[in-house]
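A.B. asks: If it helps, the file is called run_2.csv and holds CSV, C-alpha atoms:
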chain,number,residue,atom,x,y,z
U,1,MET,CA,-87.4,132.6,-40.8
U,2,GLU,CA,-90.7,134.4,-40.2
U,3,ASN,CA,-92.4,134.4,-36.8
U,4,ILE,CA,-96.2,134.9,-36.6
U,5,ILE,CA,-98.0,135.5,-33.3
U,6,LEU,CA,-101.7,134.7,-33.0
U,7,THR,CA,-104.0,135.3,-30.0
U,8,VAL,CA,-107.0,133.1,-29.9
U,9,ASP,CA,-110.4,134.9,-29.5
U,10,THR,CA,-113.5,133.4,-28.1
U,11,GLU,CA,-115.0,132.8,-31.5
U,12,ASN,CA,-112.2,130.4,-32.4
U,13,ALA,CA,-111.9,128.7,-29.1
U,14,LEU,CA,-112.1,124.9,-28.9
U,15,GLN,CA,-110.9,124.4,-32.5
U,16,ARG,CA,-108.0,121.9,-33.2
U,17,VAL,CA,-104.8,123.9,-33.3
U,18,ASP,CA,-103.9,122.7,-36.8
U,19,LYS,CA,-107.3,123.7,-38.2
U,20,TYR,CA,-107.1,127.1,-36.4
U,21,ILE,CA,-103.7,127.9,-37.8
U,22,SER,CA,-104.5,126.7,-41.3
U,23,GLU,CA,-107.5,129.1,-41.4
U,24,GLN,CA,-105.6,132.0,-39.9
U,25,ILE,CA,-102.6,132.0,-42.1
U,26,SER,CA,-103.9,130.1,-45.2
U,27,ILE,CA,-101.5,127.1,-45.2
U,28,THR,CA,-102.7,123.5,-45.4
U,29,ARG,CA,-103.4,121.5,-42.3
U,30,ASN,CA,-100.8,119.0,-43.4
U,31,ALA,CA,-98.1,121.7,-43.5
U,32,VAL,CA,-99.2,122.9,-40.1
U,33,GLN,CA,-98.9,119.3,-38.7
U,34,LYS,CA,-95.4,119.0,-40.0
U,35,LEU,CA,-94.4,122.3,-38.4
U,36,ILE,CA,-95.9,121.1,-35.1
U,37,GLU,CA,-93.8,117.9,-35.3
U,38,LYS,CA,-90.7,120.0,-35.6
U,39,ASN,CA,-91.7,122.3,-32.7
U,40,TYR,CA,-92.0,125.3,-35.0
U,41,ILE,CA,-95.4,125.9,-33.4
U,42,LEU,CA,-95.8,126.6,-29.7
U,43,VAL,CA,-98.9,127.5,-27.6
U,44,ASN,CA,-98.1,129.6,-24.6
U,45,ASP,CA,-94.4,128.8,-25.2
U,46,SER,CA,-95.0,125.1,-24.9
U,47,ALA,CA,-94.9,122.3,-27.5
U,48,ILE,CA,-98.3,120.8,-28.4
U,49,LYS,CA,-99.8,118.1,-30.6
U,50,SER,CA,-102.0,118.6,-33.7
U,51,ASN,CA,-105.1,117.6,-31.8
U,52,TYR,CA,-104.7,120.2,-29.1
U,53,LYS,CA,-107.8,122.4,-28.8
U,54,VAL,CA,-107.0,126.1,-28.5
U,55,LYS,CA,-108.5,128.1,-25.7
U,56,ALA,CA,-109.5,131.8,-25.6
U,57,SER,CA,-106.4,134.0,-25.0
U,58,ASP,CA,-104.0,131.2,-25.9
U,59,VAL,CA,-100.9,132.8,-27.6
U,60,VAL,CA,-99.9,130.7,-30.6
U,61,SER,CA,-96.4,131.2,-32.0
U,62,VAL,CA,-95.8,130.0,-35.6
U,63,THR,CA,-92.3,129.9,-37.0
U,64,LEU,CA,-92.2,129.6,-40.8
U,65,PRO,CA,-88.8,128.3,-42.0
U,66,ASP,CA,-87.2,129.9,-45.0
U,67,PRO,CA,-88.1,128.1,-48.2
U,68,GLU,CA,-85.6,125.7,-49.6
U,69,GLU,CA,-83.9,126.8,-52.8
U,70,VAL,CA,-84.9,124.4,-55.5
U,71,GLU,CA,-83.2,124.0,-58.9
U,72,ILE,CA,-85.8,123.5,-61.6
U,73,LYS,CA,-84.2,121.5,-64.4
U,74,ALA,CA,-85.0,121.4,-68.1
U,75,GLU,CA,-86.4,118.1,-69.2
U,76,ASP,CA,-86.8,116.7,-72.7
U,77,ILE,CA,-90.6,116.2,-72.6
U,78,PRO,CA,-92.6,116.2,-75.8
U,79,LEU,CA,-94.8,119.3,-76.3
U,80,ASP,CA,-97.8,119.7,-78.5
U,81,ILE,CA,-97.1,123.3,-79.8
U,82,VAL,CA,-100.0,124.8,-81.7
U,83,TYR,CA,-98.3,128.1,-82.4
U,84,GLU,CA,-94.9,129.7,-81.8
U,85,ASP,CA,-92.9,132.8,-82.7
U,86,ASP,CA,-90.2,134.9,-81.0
U,87,TRP,CA,-92.6,136.4,-78.5
U,88,LEU,CA,-94.8,133.6,-77.3
U,89,LEU,CA,-96.1,130.1,-77.9
U,90,VAL,CA,-99.5,128.3,-77.5
U,91,VAL,CA,-99.3,124.8,-76.1
U,92,ASN,CA,-101.9,122.1,-76.0
U,93,LYS,CA,-101.4,120.6,-72.5
U,94,PRO,CA,-102.4,116.9,-71.9
U,95,LYS,CA,-104.5,115.8,-69.1
U,96,GLY,CA,-102.4,114.8,-66.1
U,97,MET,CA,-99.5,117.2,-66.6
U,98,VAL,CA,-98.9,119.8,-63.9
U,99,VAL,CA,-98.2,123.3,-65.3
U,100,HIS,CA,-95.5,124.4,-63.0
U,101,PRO,CA,-93.3,122.9,-60.2
U,102,ALA,CA,-94.5,123.1,-56.6
U,103,THR,CA,-93.6,121.5,-53.3
U,104,GLY,CA,-93.0,117.8,-53.8
U,105,ASN,CA,-93.4,118.0,-57.5
U,106,TYR,CA,-90.4,119.5,-59.2
U,107,SER,CA,-90.2,117.4,-62.4
U,108,GLY,CA,-92.4,116.3,-65.3
U,109,THR,CA,-94.2,119.6,-65.4
U,110,LEU,CA,-94.9,121.9,-68.4
U,111,VAL,CA,-92.3,124.3,-67.1
U,112,ASN,CA,-89.6,121.6,-67.2
U,113,ALA,CA,-90.5,120.9,-70.8
U,114,LEU,CA,-90.6,124.6,-71.7
U,115,MET,CA,-87.2,125.2,-70.3
U,116,HIS,CA,-85.8,122.5,-72.5
U,117,HIS,CA,-87.6,123.7,-75.6
U,118,CYS,CA,-87.2,127.5,-75.1
U,119,LYS,CA,-83.8,127.5,-73.3
U,120,ASP,CA,-83.4,131.0,-71.8
U,121,SER,CA,-86.2,132.5,-73.8
U,122,LEU,CA,-89.0,132.7,-71.2
U,123,SER,CA,-90.4,135.6,-69.3
U,124,GLY,CA,-89.2,135.9,-65.7
U,125,ILE,CA,-92.0,137.9,-64.2
U,126,ASN,CA,-93.5,135.0,-62.3
U,127,GLY,CA,-90.1,133.9,-60.9
U,128,GLU,CA,-87.9,130.8,-61.3
U,129,ILE,CA,-90.7,128.4,-60.5
U,130,ARG,CA,-93.1,129.7,-63.2
U,131,PRO,CA,-91.0,131.1,-66.1
U,132,GLY,CA,-93.2,132.1,-69.0
U,133,ILE,CA,-96.5,131.1,-67.4
U,134,VAL,CA,-99.1,133.9,-67.9
U,135,HIS,CA,-102.1,131.8,-66.9
U,136,ARG,CA,-102.6,128.2,-65.9
U,137,ILE,CA,-105.0,125.3,-66.1
U,138,ASP,CA,-105.4,122.5,-63.6
U,139,LYS,CA,-103.4,119.2,-63.7
U,140,ASN,CA,-106.4,117.2,-64.9
U,141,THR,CA,-107.8,119.8,-67.3
U,142,SER,CA,-106.5,119.5,-70.8
U,143,GLY,CA,-106.1,122.1,-73.5
U,144,LEU,CA,-104.6,125.4,-74.6
U,145,LEU,CA,-102.6,127.8,-72.7
U,146,ILE,CA,-100.2,130.6,-73.7
U,147,VAL,CA,-96.6,131.0,-72.7
U,148,ALA,CA,-94.6,134.3,-72.9
U,149,LYS,CA,-91.0,134.3,-74.1
U,150,ASN,CA,-90.2,137.8,-72.8
U,151,ASP,CA,-91.4,140.2,-70.1
U,152,THR,CA,-93.0,142.6,-72.6
U,153,ALA,CA,-95.1,139.8,-74.0
U,154,HIS,CA,-96.0,138.6,-70.5
U,155,LEU,CA,-97.2,142.1,-69.4
U,156,GLY,CA,-99.2,142.6,-72.6
U,157,LEU,CA,-101.0,139.3,-72.3
U,158,ALA,CA,-101.6,139.6,-68.5
U,159,GLU,CA,-103.2,143.0,-69.1
U,160,GLN,CA,-105.6,141.5,-71.6
U,161,ILE,CA,-106.6,138.8,-69.0
U,162,LYS,CA,-107.1,141.6,-66.5
U,163,GLU,CA,-109.3,143.6,-68.9
U,164,HIS,CA,-111.3,140.5,-69.8
U,165,SER,CA,-110.4,140.8,-73.5
U,166,PHE,CA,-108.6,137.4,-73.6
U,167,THR,CA,-110.8,134.7,-75.2
U,168,ARG,CA,-110.9,131.4,-73.2
U,169,GLU,CA,-113.5,128.8,-74.2
U,170,TYR,CA,-113.8,125.4,-72.7
U,171,GLU,CA,-115.9,122.3,-73.2
U,172,ALA,CA,-117.0,120.0,-70.4
U,173,VAL,CA,-119.3,117.1,-69.6
U,174,VAL,CA,-121.3,117.8,-66.4
U,175,HIS,CA,-123.9,116.0,-64.4
U,176,GLY,CA,-127.6,116.7,-64.8
U,177,ARG,CA,-129.7,118.6,-67.4
U,178,PHE,CA,-130.2,122.3,-67.6
U,179,LYS,CA,-133.5,124.1,-67.5
U,180,GLN,CA,-132.1,126.8,-69.9
U,181,GLU,CA,-130.0,126.3,-73.0
U,182,SER,CA,-127.6,129.1,-71.9
U,183,GLY,CA,-126.8,131.3,-69.0
U,184,THR,CA,-124.3,133.2,-66.9
U,185,ILE,CA,-123.0,132.4,-63.4
U,186,ASP,CA,-121.9,135.6,-61.7
U,187,LEU,CA,-120.8,134.5,-58.2
U,188,PRO,CA,-117.7,135.4,-56.2
U,189,ILE,CA,-115.0,132.8,-55.5
U,190,GLY,CA,-112.6,132.5,-52.7
U,191,ARG,CA,-110.8,130.0,-50.5
U,192,HIS,CA,-113.2,127.5,-48.9
U,193,PRO,CA,-113.9,128.5,-45.3
U,194,VAL,CA,-113.2,125.0,-43.9
U,195,ASP,CA,-111.1,123.1,-46.5
U,196,ARG,CA,-108.3,125.4,-47.4
U,197,LYS,CA,-107.3,123.1,-50.4
U,198,LYS,CA,-110.6,123.9,-52.1
U,199,MET,CA,-112.2,127.0,-53.5
U,200,ALA,CA,-115.9,127.9,-53.0
U,201,VAL,CA,-118.6,130.4,-53.9
U,202,THR,CA,-118.3,132.8,-50.9
U,203,TYR,CA,-118.8,136.4,-50.1
U,204,SER,CA,-115.9,136.5,-47.6
U,205,ASN,CA,-112.4,137.3,-48.9
U,206,SER,CA,-113.4,136.5,-52.4
U,207,ARG,CA,-113.1,137.9,-56.0
U,208,ASN,CA,-115.8,138.4,-58.6
U,209,ALA,CA,-116.1,135.5,-61.0
U,210,VAL,CA,-118.2,135.2,-64.2
U,211,THR,CA,-118.8,132.1,-66.3
U,212,HIS,CA,-121.0,131.9,-69.4
U,213,TYR,CA,-122.3,128.5,-70.5
U,214,GLN,CA,-124.2,127.0,-73.4
U,215,VAL,CA,-125.6,123.5,-73.8
U,216,ILE,CA,-124.2,121.5,-76.8
U,217,ALA,CA,-126.0,118.2,-76.2
U,218,GLU,CA,-127.7,116.1,-73.6
U,219,TYR,CA,-127.1,112.4,-72.9
U,220,GLY,CA,-129.2,110.8,-70.2
U,221,ASN,CA,-128.2,112.5,-67.0
U,222,TYR,CA,-125.2,114.2,-68.5
U,223,THR,CA,-124.8,117.4,-70.5
U,224,HIS,CA,-122.1,118.4,-72.9
U,225,ILE,CA,-121.6,122.2,-72.5
U,226,ARG,CA,-119.4,125.0,-73.8
U,227,LEU,CA,-118.1,127.6,-71.3
U,228,ARG,CA,-116.6,131.0,-71.7
U,229,LEU,CA,-114.6,132.6,-69.0
U,230,GLU,CA,-115.0,136.3,-68.3
U,231,THR,CA,-112.7,136.0,-65.3
U,232,GLY,CA,-110.0,133.4,-64.5
U,233,ARG,CA,-110.2,132.4,-60.8
U,234,THR,CA,-108.7,129.2,-59.5
U,235,HIS,CA,-111.0,126.2,-60.2
U,236,GLN,CA,-113.6,128.7,-61.5
U,237,ILE,CA,-115.5,126.4,-63.9
U,238,ARG,CA,-115.4,123.5,-61.5
U,239,VAL,CA,-116.6,125.6,-58.5
U,240,HIS,CA,-119.4,127.4,-60.4
U,241,MET,CA,-120.8,124.2,-62.0
U,242,ALA,CA,-120.7,122.3,-58.7
U,243,HIS,CA,-122.4,125.2,-57.0
U,244,ILE,CA,-125.4,125.3,-59.3
U,245,GLY,CA,-125.8,121.5,-59.1
U,246,HIS,CA,-124.0,120.4,-62.2
U,247,PRO,CA,-120.5,119.2,-61.1
U,248,VAL,CA,-118.0,118.4,-63.9
U,249,ALA,CA,-117.9,114.6,-64.5
U,250,GLY,CA,-114.9,113.0,-63.0
U,251,ASP,CA,-114.1,115.9,-60.6
U,252,ASP,CA,-112.9,114.2,-57.5
U,253,VAL,CA,-112.6,117.4,-55.5
U,254,TYR,CA,-116.0,119.1,-56.1
U,255,MET,CA,-118.3,116.1,-56.7
U,256,THR,CA,-120.8,115.1,-54.1
U,257,CYS,CA,-122.2,112.2,-56.1
U,258,GLN,CA,-120.5,109.1,-57.5
U,259,ILE,CA,-117.3,109.9,-59.4
U,260,ASP,CA,-116.7,108.7,-63.0
U,261,LYS,CA,-113.4,107.0,-62.1
U,262,GLU,CA,-112.5,106.1,-65.6
U,263,LEU,CA,-111.9,109.8,-66.4
U,264,CYS,CA,-109.1,110.1,-63.8
U,265,GLY,CA,-110.1,113.7,-63.1
U,266,GLN,CA,-112.5,116.2,-64.5
U,267,CYS,CA,-113.8,116.0,-68.0
U,268,LEU,CA,-112.8,119.6,-68.9
U,269,HIS,CA,-110.9,120.8,-71.9
U,270,ALA,CA,-109.6,124.3,-72.7
U,271,LYS,CA,-110.6,124.3,-76.4
U,272,LYS,CA,-110.2,127.8,-77.7
U,273,ILE,CA,-107.9,130.7,-76.9
U,274,GLY,CA,-107.7,134.2,-78.5
U,275,PHE,CA,-105.6,137.3,-77.8
U,276,VAL,CA,-104.1,140.3,-79.4
U,277,HIS,CA,-100.4,139.7,-80.2
U,278,PRO,CA,-98.4,142.1,-77.9
U,279,LYS,CA,-95.9,142.8,-80.7
U,280,ASP,CA,-98.1,143.8,-83.7
U,281,GLY,CA,-101.6,144.1,-82.3
U,282,LYS,CA,-103.1,141.4,-84.5
U,283,TYR,CA,-105.8,139.2,-83.0
U,284,LEU,CA,-104.9,135.5,-83.0
U,285,GLU,CA,-107.2,132.6,-82.2
U,286,PHE,CA,-106.5,128.9,-81.9
U,287,GLU,CA,-108.7,125.9,-81.3
U,288,SER,CA,-107.8,122.3,-80.4
U,289,ASP,CA,-109.6,119.1,-81.0
U,290,LEU,CA,-111.2,117.3,-78.1
U,291,PRO,CA,-108.7,114.8,-76.7
U,292,ASP,CA,-109.3,111.0,-76.8
U,293,TYR,CA,-110.4,110.7,-73.2
U,294,PHE,CA,-113.1,113.3,-73.7
U,295,LYS,CA,-114.4,111.7,-77.0
U,296,LYS,CA,-114.4,108.2,-75.5
U,297,PHE,CA,-116.6,109.5,-72.6
U,298,LEU,CA,-119.0,111.2,-75.0
U,299,ASN,CA,-119.3,108.0,-76.9
U,300,LYS,CA,-120.0,106.1,-73.8
U,301,ILE,CA,-122.7,108.4,-72.5
U,302,SER,CA,-124.3,108.7,-75.9
U,303,LYS,CA,-125.0,105.0,-75.8
U,304,MET,CA,-126.8,105.3,-72.5
U,305,CYS,CA,-129.6,107.3,-74.1
Output the structure of this file as structure tokens.
C.D. replies:
Amino acid sequence: MENIILTVDTENALQRVDKYISEQISITRNAVQKLIEKNYILVNDSAIKSNYKVKASDVVSVTLPDPEEVEIKAEDIPLDIVYEDDWLLVVNKPKGMVVHPATGNYSGTLVNALMHHCKDSLSGINGEIRPGIVHRIDKNTSGLLIVAKNDTAHLGLAEQIKEHSFTREYEAVVHGRFKQESGTIDLPIGRHPVDRKKMAVTYSNSRNAVTHYQVIAEYGNYTHIRLRLETGRTHQIRVHMAHIGHPVAGDDVYMTCQIDKELCGQCLHAKKIGFVHPKDGKYLEFESDLPDYFKKFLNKISKMC
């Protein structure tokens, strides 16, 4: 177990204790509340409730229990494999599939399917929970991602992502019309200062993030756009587009206007991926068709014009 001691300063006084701890050690408020219920969190050596408001000079003790060992099982789940060799494979992930297991969600993921398909031939750099996963896309984002079958391939591909030489192009439908046909959003992204489950454009504890966009077509108050990632931050496209007033249609996290519920999540597809093969140095590029949910939504909004 790990024990963390926090002393409340005047700036953070009068916050709810669950909110205070969540912001200080970057875990969700829900996780904090569960720790409080089990008396893993004490204030001035006394048990408290989640709605307790901390005072200046309070001493908060947080005990983080050791993580439970979880066995990730191979599952016979169909995969849409676009390319495969002895070093890597490119997979077209469907909307709604989680990339790798996480707390409370240890089955039905892309990793479970990859373990069945590849057996022991997956890189181990990202540990037992994320074997082979070089980069990821969100659960409700569809499209292409690359999987490494060995550590050498993983390191080579990860270096390309770091050096911004890894091609990643997306298509999305967003709200509103653009004043310019193309542009670049160069704004840093970090954890949201209040809602720790979200990301945000922020200049505090953030990393640089660059997204290039180009308008494909306009339909009423919607725009079909192409996006190219120069960096790959968590929720980058969704955060950048929402920040400039063009949230991705169907995005139930970053939308402030009415959500397009029939989409069941953001209308965002990782359409193209390109990289230098880590074995022979040849450049490979792959592109996937827009999925049915995306085409149906385009058809719907085109009739609104």
A.B. asks: Taking 5 positions as the minimum chain separation for residues in the same chain, which residues sit within 6 Å of stretch 150-161 of chain U when counting all atoms listed in the file? Answer as a PDB file with C-alpha atoms, in the coordinates of the input.
C.D. replies:
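What follows is the written file part.pdb:
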ATOM      1  CA  LEU U 122     -89.000 132.700 -71.200  1.00  0.00           C
ATOM      2  CA  SER U 123     -90.400 135.600 -69.300  1.00  0.00           C
ATOM      3  CA  PHE U 166    -108.600 137.400 -73.600  1.00  0.00           C
ATOM      4  CA  PRO U 278     -98.400 142.100 -77.900  1.00  0.00           C
TER       5      PRO U 278
END
A.B. asks: Would you mind listing what lies within 6 Å of U:Ser142 as a short mmCIF file (atom, residue, chain, number, x, y, z; two decimals) with C-alpha atoms, in the coordinates of the input, with only C-alpha atoms counted and same-chain residues fewer than 3 positions away left out?
C.D. replies:
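To be explicit, this is the file written out as selection_25.cif:
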data_model
loop_
_atom_site.label_atom_id
_atom_site.label_comp_id
_atom_site.auth_asym_id
_atom_site.auth_seq_id
_atom_site.Cartn_x
_atom_site.Cartn_y
_atom_site.Cartn_z
CA LYS U 93 -101.40 120.60 -72.50
CA PRO U 94 -102.40 116.90 -71.90
CA LYS U 95 -104.50 115.80 -69.10
CA HIS U 269 -110.90 120.80 -71.90
#
A.B. asks: What's the separation between atom CA of U:His116 and atom CA of U:Val134, in Å to one decimal place?
C.D. replies: 18.1 Å
A.B. asks: Enclose stretch 40-54 of chain U, meaning all of its atoms listed in the file, in a box aligned along x, y and z, pad it by 6 Å on each side, and list the centre and edge lengths in Å to one decimal, as AutoDock Vina command-line options.
C.D. replies:
--center_x -99.9 --center_y 123.6 --center_z -29.8 --size_x 27.8 --size_y 24.0 --size_z 22.4
A.B. asks: Determine, counting all atoms listed in the file, every residue of protein, DNA or RNA that lies within 7 Å of (-125.3, 121.6, -67.6) in the file coordinates, then give the result as number ranges by chain.
C.D. replies: U: 174-178, 215, 223-225, 246
A.B. asks: One decimal, in Å: what's the spacing between atom CA of U:Asp292 and atom CA of U:Ile185?
C.D. replies: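 These atoms are spaced 28.7 Å apart.
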A.B. asks: Pick out the residues sitting within 10 Å of U:Leu268, and hand them over as a PDB file with C-alpha atoms, keeping the file's coordinate frame; count only C-alpha atoms, and ignore anything fewer than 2 positions along from it in its own chain.
C.D. replies:
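Generated output (selection.pdb):
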ATOM      1  CA  LYS U  95    -104.500 115.800 -69.100  1.00  0.00           C
ATOM      2  CA  ASP U 138    -105.400 122.500 -63.600  1.00  0.00           C
ATOM      3  CA  ASN U 140    -106.400 117.200 -64.900  1.00  0.00           C
ATOM      4  CA  THR U 141    -107.800 119.800 -67.300  1.00  0.00           C
ATOM      5  CA  SER U 142    -106.500 119.500 -70.800  1.00  0.00           C
ATOM      6  CA  GLY U 143    -106.100 122.100 -73.500  1.00  0.00           C
ATOM      7  CA  TYR U 170    -113.800 125.400 -72.700  1.00  0.00           C
ATOM      8  CA  GLU U 171    -115.900 122.300 -73.200  1.00  0.00           C
ATOM      9  CA  ALA U 172    -117.000 120.000 -70.400  1.00  0.00           C
ATOM     10  CA  VAL U 173    -119.300 117.100 -69.600  1.00  0.00           C
ATOM     11  CA  VAL U 174    -121.300 117.800 -66.400  1.00  0.00           C
ATOM     12  CA  ILE U 225    -121.600 122.200 -72.500  1.00  0.00           C
ATOM     13  CA  ARG U 226    -119.400 125.000 -73.800  1.00  0.00           C
ATOM     14  CA  LEU U 227    -118.100 127.600 -71.300  1.00  0.00           C
ATOM     15  CA  ILE U 237    -115.500 126.400 -63.900  1.00  0.00           C
ATOM     16  CA  ARG U 238    -115.400 123.500 -61.500  1.00  0.00           C
ATOM     17  CA  VAL U 248    -118.000 118.400 -63.900  1.00  0.00           C
ATOM     18  CA  ALA U 249    -117.900 114.600 -64.500  1.00  0.00           C
ATOM     19  CA  GLY U 250    -114.900 113.000 -63.000  1.00  0.00           C
ATOM     20  CA  ASP U 251    -114.100 115.900 -60.600  1.00  0.00           C
ATOM     21  CA  GLY U 265    -110.100 113.700 -63.100  1.00  0.00           C
ATOM     22  CA  GLN U 266    -112.500 116.200 -64.500  1.00  0.00           C
ATOM     23  CA  ALA U 270    -109.600 124.300 -72.700  1.00  0.00           C
ATOM     24  CA  LYS U 271    -110.600 124.300 -76.400  1.00  0.00           C
ATOM     25  CA  LEU U 290    -111.200 117.300 -78.100  1.00  0.00           C
ATOM     26  CA  PHE U 294    -113.100 113.300 -73.700  1.00  0.00           C
TER      27      PHE U 294
END
A.B. asks: Quick one: distance from atom CA of U:Met115 to atom CA of U:Glu84 in Å, one decimal?
C.D. replies: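 Here the two named atoms are 14.6 Å from each other.
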A.B. asks: Smallest atom-to-atom distance to U:His117: which of U:Lys34, U:Lys73, U:Arg168, U:His277, using only C-alpha atoms?
C.D. replies: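 When distances to U:His117 are compared using only C-alpha atoms, the smallest one comes from U:Lys73.
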